[in-house]
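Structure file final.cif (mmCIF, N, CA and C atoms) follows.
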```cif
data_structure
loop_
_atom_site.label_atom_id
_atom_site.label_comp_id
_atom_site.auth_asym_id
_atom_site.auth_seq_id
_atom_site.Cartn_x
_atom_site.Cartn_y
_atom_site.Cartn_z
N MET O 1 -85.03 34.67 30.36
CA MET O 1 -84.23 33.52 30.06
C MET O 1 -85.11 32.34 29.68
N SER O 2 -84.75 31.59 28.65
CA SER O 2 -85.55 30.44 28.25
C SER O 2 -84.95 29.16 28.84
N GLU O 3 -85.83 28.22 29.04
CA GLU O 3 -85.37 26.93 29.56
C GLU O 3 -84.63 26.17 28.48
N ALA O 4 -83.67 25.37 28.89
CA ALA O 4 -82.91 24.57 27.93
C ALA O 4 -83.82 23.50 27.33
N GLN O 5 -83.78 23.37 26.03
CA GLN O 5 -84.59 22.37 25.34
C GLN O 5 -83.85 21.03 25.36
N PRO O 6 -84.59 19.93 25.52
CA PRO O 6 -83.93 18.62 25.47
C PRO O 6 -83.36 18.38 24.08
N PRO O 7 -82.28 17.63 23.99
CA PRO O 7 -81.70 17.38 22.67
C PRO O 7 -82.64 16.56 21.79
N VAL O 8 -82.59 16.84 20.52
CA VAL O 8 -83.39 16.09 19.54
C VAL O 8 -82.69 14.76 19.29
N PRO O 9 -83.43 13.63 19.35
CA PRO O 9 -82.78 12.33 19.11
C PRO O 9 -82.23 12.25 17.69
N ASP O 10 -81.14 11.55 17.57
CA ASP O 10 -80.51 11.35 16.27
C ASP O 10 -81.20 10.18 15.57
N VAL O 11 -82.07 10.48 14.61
CA VAL O 11 -82.81 9.46 13.88
C VAL O 11 -82.10 9.22 12.56
N LYS O 12 -81.79 7.95 12.30
CA LYS O 12 -81.12 7.60 11.05
C LYS O 12 -82.00 8.02 9.87
N GLN O 13 -81.43 8.73 8.96
CA GLN O 13 -82.15 9.22 7.79
C GLN O 13 -81.49 8.69 6.53
N PRO O 14 -82.14 8.57 5.46
CA PRO O 14 -83.58 8.74 5.35
C PRO O 14 -84.32 7.49 5.82
N VAL O 15 -85.59 7.66 6.17
CA VAL O 15 -86.44 6.51 6.47
C VAL O 15 -86.82 5.90 5.13
N THR O 16 -86.53 4.61 4.96
CA THR O 16 -86.80 3.94 3.69
C THR O 16 -87.70 2.73 3.92
N ASP O 17 -88.15 2.12 2.84
CA ASP O 17 -88.94 0.89 2.96
C ASP O 17 -88.20 -0.16 3.77
N ASP O 18 -86.89 -0.25 3.60
CA ASP O 18 -86.12 -1.26 4.30
C ASP O 18 -85.97 -0.97 5.79
N SER O 19 -86.21 0.26 6.21
CA SER O 19 -86.05 0.59 7.62
C SER O 19 -87.33 0.35 8.43
N ILE O 20 -88.44 0.09 7.77
CA ILE O 20 -89.70 -0.18 8.47
C ILE O 20 -89.72 -1.66 8.86
N ALA O 21 -89.78 -1.92 10.16
CA ALA O 21 -89.65 -3.29 10.65
C ALA O 21 -90.97 -4.05 10.71
N VAL O 22 -92.06 -3.38 11.07
CA VAL O 22 -93.35 -4.06 11.24
C VAL O 22 -94.36 -3.42 10.30
N ARG O 23 -95.05 -4.26 9.55
CA ARG O 23 -96.04 -3.79 8.58
C ARG O 23 -97.36 -4.51 8.81
N GLN O 24 -98.45 -3.85 8.40
CA GLN O 24 -99.77 -4.44 8.55
C GLN O 24 -100.12 -5.25 7.31
N LEU O 25 -100.68 -6.44 7.54
CA LEU O 25 -101.10 -7.31 6.45
C LEU O 25 -102.38 -6.76 5.83
N SER O 26 -102.34 -6.53 4.51
CA SER O 26 -103.51 -6.03 3.79
C SER O 26 -104.27 -7.17 3.12
N HIS O 27 -103.53 -8.05 2.44
CA HIS O 27 -104.11 -9.17 1.70
C HIS O 27 -103.14 -10.35 1.77
N TYR O 28 -103.67 -11.53 1.49
CA TYR O 28 -102.81 -12.72 1.44
C TYR O 28 -103.34 -13.68 0.39
N GLN O 29 -102.44 -14.54 -0.08
CA GLN O 29 -102.83 -15.54 -1.08
C GLN O 29 -102.01 -16.81 -0.86
N PHE O 30 -102.70 -17.93 -0.70
CA PHE O 30 -102.04 -19.22 -0.63
C PHE O 30 -101.88 -19.77 -2.04
N THR O 31 -100.77 -20.44 -2.29
CA THR O 31 -100.59 -21.16 -3.55
C THR O 31 -100.01 -22.53 -3.25
N TRP O 32 -100.27 -23.45 -4.15
CA TRP O 32 -99.71 -24.79 -4.05
C TRP O 32 -99.09 -25.12 -5.39
N VAL O 33 -97.84 -25.55 -5.37
CA VAL O 33 -97.11 -25.90 -6.59
C VAL O 33 -96.88 -27.40 -6.56
N ALA O 34 -97.30 -28.08 -7.62
CA ALA O 34 -97.14 -29.54 -7.69
C ALA O 34 -95.66 -29.90 -7.69
N GLY O 35 -95.35 -30.99 -6.99
CA GLY O 35 -93.98 -31.51 -6.99
C GLY O 35 -93.81 -32.50 -8.15
N GLU O 36 -92.64 -33.07 -8.23
CA GLU O 36 -92.40 -34.12 -9.23
C GLU O 36 -93.35 -35.28 -8.97
N ALA O 37 -93.54 -36.14 -9.96
CA ALA O 37 -94.44 -37.28 -9.82
C ALA O 37 -94.10 -38.07 -8.56
N GLY O 38 -95.12 -38.29 -7.73
CA GLY O 38 -94.94 -39.06 -6.51
C GLY O 38 -94.34 -38.27 -5.35
N GLN O 39 -94.03 -37.01 -5.56
CA GLN O 39 -93.46 -36.17 -4.51
C GLN O 39 -94.50 -35.15 -4.03
N PRO O 40 -94.38 -34.73 -2.79
CA PRO O 40 -95.35 -33.73 -2.31
C PRO O 40 -95.14 -32.38 -2.98
N GLY O 41 -96.18 -31.59 -3.00
CA GLY O 41 -96.11 -30.25 -3.56
C GLY O 41 -95.57 -29.27 -2.52
N THR O 42 -95.52 -28.01 -2.91
CA THR O 42 -95.01 -26.95 -2.04
C THR O 42 -96.07 -25.89 -1.86
N TRP O 43 -96.34 -25.53 -0.61
CA TRP O 43 -97.26 -24.46 -0.27
C TRP O 43 -96.49 -23.16 -0.10
N THR O 44 -97.05 -22.07 -0.61
CA THR O 44 -96.49 -20.75 -0.32
C THR O 44 -97.63 -19.85 0.16
N LEU O 45 -97.26 -18.84 0.92
CA LEU O 45 -98.19 -17.84 1.40
C LEU O 45 -97.61 -16.48 1.03
N GLN O 46 -98.29 -15.78 0.12
CA GLN O 46 -97.87 -14.44 -0.27
C GLN O 46 -98.57 -13.44 0.63
N LEU O 47 -97.79 -12.57 1.25
CA LEU O 47 -98.32 -11.52 2.12
C LEU O 47 -98.19 -10.18 1.40
N VAL O 48 -99.29 -9.46 1.29
CA VAL O 48 -99.27 -8.10 0.75
C VAL O 48 -99.40 -7.19 1.98
N LEU O 49 -98.38 -6.37 2.21
CA LEU O 49 -98.29 -5.58 3.43
C LEU O 49 -98.41 -4.09 3.13
N ASP O 50 -99.04 -3.37 4.05
CA ASP O 50 -99.22 -1.92 3.91
C ASP O 50 -99.75 -1.54 2.53
N GLN O 51 -100.84 -2.19 2.12
CA GLN O 51 -101.52 -1.91 0.85
C GLN O 51 -100.59 -2.03 -0.35
N GLY O 52 -99.65 -2.97 -0.30
CA GLY O 52 -98.77 -3.22 -1.44
C GLY O 52 -97.42 -2.53 -1.36
N ALA O 53 -97.13 -1.82 -0.28
CA ALA O 53 -95.82 -1.17 -0.14
C ALA O 53 -94.71 -2.19 0.02
N TRP O 54 -95.06 -3.39 0.49
CA TRP O 54 -94.07 -4.46 0.70
C TRP O 54 -94.77 -5.78 0.47
N GLU O 55 -94.06 -6.75 -0.08
CA GLU O 55 -94.60 -8.10 -0.23
C GLU O 55 -93.58 -9.10 0.29
N GLU O 56 -94.09 -10.20 0.78
CA GLU O 56 -93.24 -11.26 1.31
C GLU O 56 -93.86 -12.59 0.89
N VAL O 57 -93.05 -13.56 0.52
CA VAL O 57 -93.54 -14.89 0.18
C VAL O 57 -92.89 -15.89 1.13
N LEU O 58 -93.73 -16.66 1.83
CA LEU O 58 -93.26 -17.65 2.78
C LEU O 58 -93.52 -19.04 2.21
N THR O 59 -92.57 -19.93 2.32
CA THR O 59 -92.75 -21.34 1.96
C THR O 59 -93.13 -22.08 3.24
N ILE O 60 -94.26 -22.77 3.20
CA ILE O 60 -94.79 -23.40 4.41
C ILE O 60 -95.23 -24.83 4.10
N ASP O 61 -95.40 -25.63 5.16
CA ASP O 61 -95.89 -26.99 4.95
C ASP O 61 -97.42 -27.00 5.04
N ALA O 62 -98.01 -28.14 4.73
CA ALA O 62 -99.47 -28.24 4.65
C ALA O 62 -100.13 -27.96 5.99
N ASP O 63 -99.56 -28.44 7.09
CA ASP O 63 -100.14 -28.18 8.41
C ASP O 63 -100.11 -26.70 8.74
N ASP O 64 -99.00 -26.04 8.46
CA ASP O 64 -98.92 -24.59 8.70
C ASP O 64 -99.92 -23.84 7.83
N ALA O 65 -100.08 -24.27 6.58
CA ALA O 65 -101.04 -23.62 5.69
C ALA O 65 -102.45 -23.72 6.26
N ASP O 66 -102.80 -24.88 6.77
CA ASP O 66 -104.13 -25.09 7.36
C ASP O 66 -104.32 -24.21 8.60
N ASN O 67 -103.33 -24.21 9.49
CA ASN O 67 -103.43 -23.41 10.71
C ASN O 67 -103.45 -21.91 10.41
N LEU O 68 -102.60 -21.48 9.49
CA LEU O 68 -102.55 -20.06 9.15
C LEU O 68 -103.84 -19.60 8.48
N GLN O 69 -104.42 -20.45 7.65
CA GLN O 69 -105.70 -20.09 7.02
C GLN O 69 -106.75 -19.82 8.08
N ASP O 70 -106.81 -20.67 9.11
CA ASP O 70 -107.78 -20.48 10.19
C ASP O 70 -107.51 -19.17 10.93
N LEU O 71 -106.24 -18.91 11.26
CA LEU O 71 -105.89 -17.69 11.99
C LEU O 71 -106.17 -16.44 11.17
N LEU O 72 -105.79 -16.47 9.90
CA LEU O 72 -105.97 -15.30 9.04
C LEU O 72 -107.45 -15.01 8.79
N ALA O 73 -108.26 -16.05 8.71
CA ALA O 73 -109.70 -15.86 8.47
C ALA O 73 -110.40 -15.26 9.68
N SER O 74 -109.87 -15.47 10.87
CA SER O 74 -110.56 -14.99 12.07
C SER O 74 -109.96 -13.73 12.68
N ALA O 75 -108.76 -13.35 12.30
CA ALA O 75 -108.11 -12.18 12.88
C ALA O 75 -108.55 -10.91 12.17
N SER O 76 -108.83 -9.87 12.93
CA SER O 76 -109.22 -8.61 12.30
C SER O 76 -108.01 -7.75 11.94
N ILE O 77 -106.91 -7.89 12.67
CA ILE O 77 -105.68 -7.16 12.39
C ILE O 77 -104.51 -8.12 12.49
N VAL O 78 -103.65 -8.09 11.47
CA VAL O 78 -102.46 -8.94 11.46
C VAL O 78 -101.27 -8.08 11.06
N PHE O 79 -100.18 -8.24 11.79
CA PHE O 79 -98.93 -7.54 11.49
C PHE O 79 -97.86 -8.56 11.12
N PHE O 80 -96.87 -8.11 10.36
CA PHE O 80 -95.74 -8.96 9.99
C PHE O 80 -94.46 -8.22 10.31
N ASP O 81 -93.62 -8.83 11.14
CA ASP O 81 -92.31 -8.28 11.45
C ASP O 81 -91.36 -8.75 10.36
N VAL O 82 -90.94 -7.83 9.50
CA VAL O 82 -90.15 -8.15 8.32
C VAL O 82 -88.80 -8.76 8.70
N ARG O 83 -88.13 -8.18 9.69
CA ARG O 83 -86.80 -8.66 10.07
C ARG O 83 -86.84 -10.05 10.70
N ARG O 84 -87.82 -10.28 11.56
CA ARG O 84 -87.91 -11.58 12.24
C ARG O 84 -88.77 -12.58 11.48
N ARG O 85 -89.42 -12.14 10.38
CA ARG O 85 -90.32 -12.99 9.58
C ARG O 85 -91.36 -13.65 10.48
N THR O 86 -92.08 -12.80 11.22
CA THR O 86 -93.03 -13.26 12.23
C THR O 86 -94.39 -12.63 11.99
N LEU O 87 -95.43 -13.48 11.90
CA LEU O 87 -96.81 -12.98 11.83
C LEU O 87 -97.32 -12.76 13.25
N MET O 88 -97.98 -11.62 13.48
CA MET O 88 -98.56 -11.30 14.78
C MET O 88 -100.02 -10.99 14.58
N PHE O 89 -100.85 -11.69 15.30
CA PHE O 89 -102.29 -11.62 15.07
C PHE O 89 -102.95 -10.65 16.03
N GLY O 90 -102.75 -9.35 15.79
CA GLY O 90 -103.40 -8.29 16.56
C GLY O 90 -103.13 -8.40 18.04
N THR O 91 -103.97 -7.77 18.81
CA THR O 91 -103.88 -7.82 20.26
C THR O 91 -105.25 -8.14 20.83
N THR O 92 -105.26 -8.76 21.98
CA THR O 92 -106.50 -9.11 22.66
C THR O 92 -106.42 -8.61 24.09
N PRO O 93 -107.39 -7.81 24.53
CA PRO O 93 -107.37 -7.36 25.92
C PRO O 93 -107.47 -8.56 26.87
N VAL O 94 -106.85 -8.45 28.01
CA VAL O 94 -106.93 -9.51 29.03
C VAL O 94 -108.39 -9.77 29.37
N GLY O 95 -108.77 -11.03 29.42
CA GLY O 95 -110.14 -11.41 29.77
C GLY O 95 -111.10 -11.46 28.59
N LYS O 96 -110.63 -11.18 27.37
CA LYS O 96 -111.51 -11.15 26.19
C LYS O 96 -111.29 -12.33 25.26
N ALA O 97 -110.36 -13.22 25.56
CA ALA O 97 -110.07 -14.33 24.65
C ALA O 97 -111.15 -15.38 24.68
#
```

Structure re-expressed in C-alpha cells:
Amino acid sequence: MSEAQPPVPDVKQPVTDDSIAVRQLSHYQFTWVAGEAGQPGTWTLQLVLDQGAWEEVLTIDADDADNLQDLLASASIVFFDVRRRTLMFGTTPVGKA
C-alpha cells in the first residue's frame, strides 16, 4: 500500500509577466525634463528590471532623486515590488549595518 500524497496546490496559470510581483533592478537612469519658463523641471527614474523583462518609470522630486541616487550607488542588490511600487534595497544581516 502506498501512502497518500498531499494535494498539489492550485497555482493560477499561466504565469505571466503581470503575475510576477517582485523583480530585481538591473539598471536605472535618471532624467530631468525642463519645465515652462520660471517653473521647476520634472525628475524621472527609469528602472530596468530583470534584465529588461519589465520597465517602470517613476516621477520623483529633486530631494528623492538625490536620496535615491545615493542609495542606488551603494546598494549591491535592489528589488522593486511592481504592485506596491516600492524599491527594496537588498537585505542586511543583523549587526552588519

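Note that DSSP on the backbone gives helix (DSSP H, G or I) to these residues of range 6-97 of chain O: Asp17, Asp18, Ser19, Asp50, Gln51, Gly52, Ala62, Asp63, Asp64, Ala65, Asp66, Asn67, Leu68, Gln69, Asp70, Leu71, Leu72, Ala73 and Ser74 of chain O.
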
What does the structure give for the distance between CA of Ser26 in chain O and CA of Ser76 in chain O, in Å to one decimal? 10.6 Å

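Going from CA of Val22 in chain O to CA of Leu68 in chain O covers 18.6 Å.
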
What separation in Å, quoted to one decimal, exists between CA of Leu49 in chain O and CA of Thr31 in chain O?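 The value is 17.2 Å.
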
Check what the PyMOL selection byres (((chain O and resi 80-97 and name CA) around 6) and name CA) selects in the file above and give those residues as a list in words. Ala21, Val22, Arg23, Ile77, Val78 and Phe79 of chain O

How about saving the chosen residues, N, CA and C atoms kept, as a PDB file, keeping the file's coordinate frame?
```pdb
ATOM      1  N   ALA O  21     -89.780  -1.920  10.160  1.00  0.00           N
ATOM      2  CA  ALA O  21     -89.650  -3.290  10.650  1.00  0.00           C
ATOM      3  C   ALA O  21     -90.970  -4.050  10.710  1.00  0.00           C
ATOM      4  N   VAL O  22     -92.060  -3.380  11.070  1.00  0.00           N
ATOM      5  CA  VAL O  22     -93.350  -4.060  11.240  1.00  0.00           C
ATOM      6  C   VAL O  22     -94.360  -3.420  10.300  1.00  0.00           C
ATOM      7  N   ARG O  23     -95.050  -4.260   9.550  1.00  0.00           N
ATOM      8  CA  ARG O  23     -96.040  -3.790   8.580  1.00  0.00           C
ATOM      9  C   ARG O  23     -97.360  -4.510   8.810  1.00  0.00           C
ATOM     10  N   ILE O  77    -106.910  -7.890  12.670  1.00  0.00           N
ATOM     11  CA  ILE O  77    -105.680  -7.160  12.390  1.00  0.00           C
ATOM     12  C   ILE O  77    -104.510  -8.120  12.490  1.00  0.00           C
ATOM     13  N   VAL O  78    -103.650  -8.090  11.470  1.00  0.00           N
ATOM     14  CA  VAL O  78    -102.460  -8.940  11.460  1.00  0.00           C
ATOM     15  C   VAL O  78    -101.270  -8.080  11.060  1.00  0.00           C
ATOM     16  N   PHE O  79    -100.180  -8.240  11.790  1.00  0.00           N
ATOM     17  CA  PHE O  79     -98.930  -7.540  11.490  1.00  0.00           C
ATOM     18  C   PHE O  79     -97.860  -8.560  11.120  1.00  0.00           C
TER      19      PHE O  79
END
```

Within 6.5 Å of Thr44 in chain O, counting all atoms listed in the file, which residues qualify if same-chain residues fewer than 6 places away don't, as a PyMOL selection string? chain O and resi 29-33+57-60

Using the selection just defined, write its residues with N, CA and C atoms as a short mmCIF file (atom, residue, chain, number, x, y, z; two decimals), in the frame of the given file.
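Produced file result_22.cif, reproduced below:
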```
data_model
loop_
_atom_site.label_atom_id
_atom_site.label_comp_id
_atom_site.auth_asym_id
_atom_site.auth_seq_id
_atom_site.Cartn_x
_atom_site.Cartn_y
_atom_site.Cartn_z
N GLN O 29 -102.44 -14.54 -0.08
CA GLN O 29 -102.83 -15.54 -1.08
C GLN O 29 -102.01 -16.81 -0.86
N PHE O 30 -102.70 -17.93 -0.70
CA PHE O 30 -102.04 -19.22 -0.63
C PHE O 30 -101.88 -19.77 -2.04
N THR O 31 -100.77 -20.44 -2.29
CA THR O 31 -100.59 -21.16 -3.55
C THR O 31 -100.01 -22.53 -3.25
N TRP O 32 -100.27 -23.45 -4.15
CA TRP O 32 -99.71 -24.79 -4.05
C TRP O 32 -99.09 -25.12 -5.39
N VAL O 33 -97.84 -25.55 -5.37
CA VAL O 33 -97.11 -25.90 -6.59
C VAL O 33 -96.88 -27.40 -6.56
N VAL O 57 -93.05 -13.56 0.52
CA VAL O 57 -93.54 -14.89 0.18
C VAL O 57 -92.89 -15.89 1.13
N LEU O 58 -93.73 -16.66 1.83
CA LEU O 58 -93.26 -17.65 2.78
C LEU O 58 -93.52 -19.04 2.21
N THR O 59 -92.57 -19.93 2.32
CA THR O 59 -92.75 -21.34 1.96
C THR O 59 -93.13 -22.08 3.24
N ILE O 60 -94.26 -22.77 3.20
CA ILE O 60 -94.79 -23.40 4.41
C ILE O 60 -95.23 -24.83 4.10
#
```

For a quick check of understanding, using all atoms listed in the file, which of O:Ala4, O:Ala73, O:Gln51, O:Trp43 has the smallest distance to His27 in chain O?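 Counting all atoms listed in the file, the residue closest to His27 in chain O is O:Gln51.
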
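The closest residue to Gln24 in chain O, picked from O:Asp63, O:Thr42, O:Asp50, O:Val8 and counting all atoms listed in the file, is O:Asp50.
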
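When all atoms listed in the file are used to measure the gap to Val48 in chain O, the shortest distance among O:Tyr28, O:Asp10, O:Asp61, O:Ala34 belongs to O:Tyr28.
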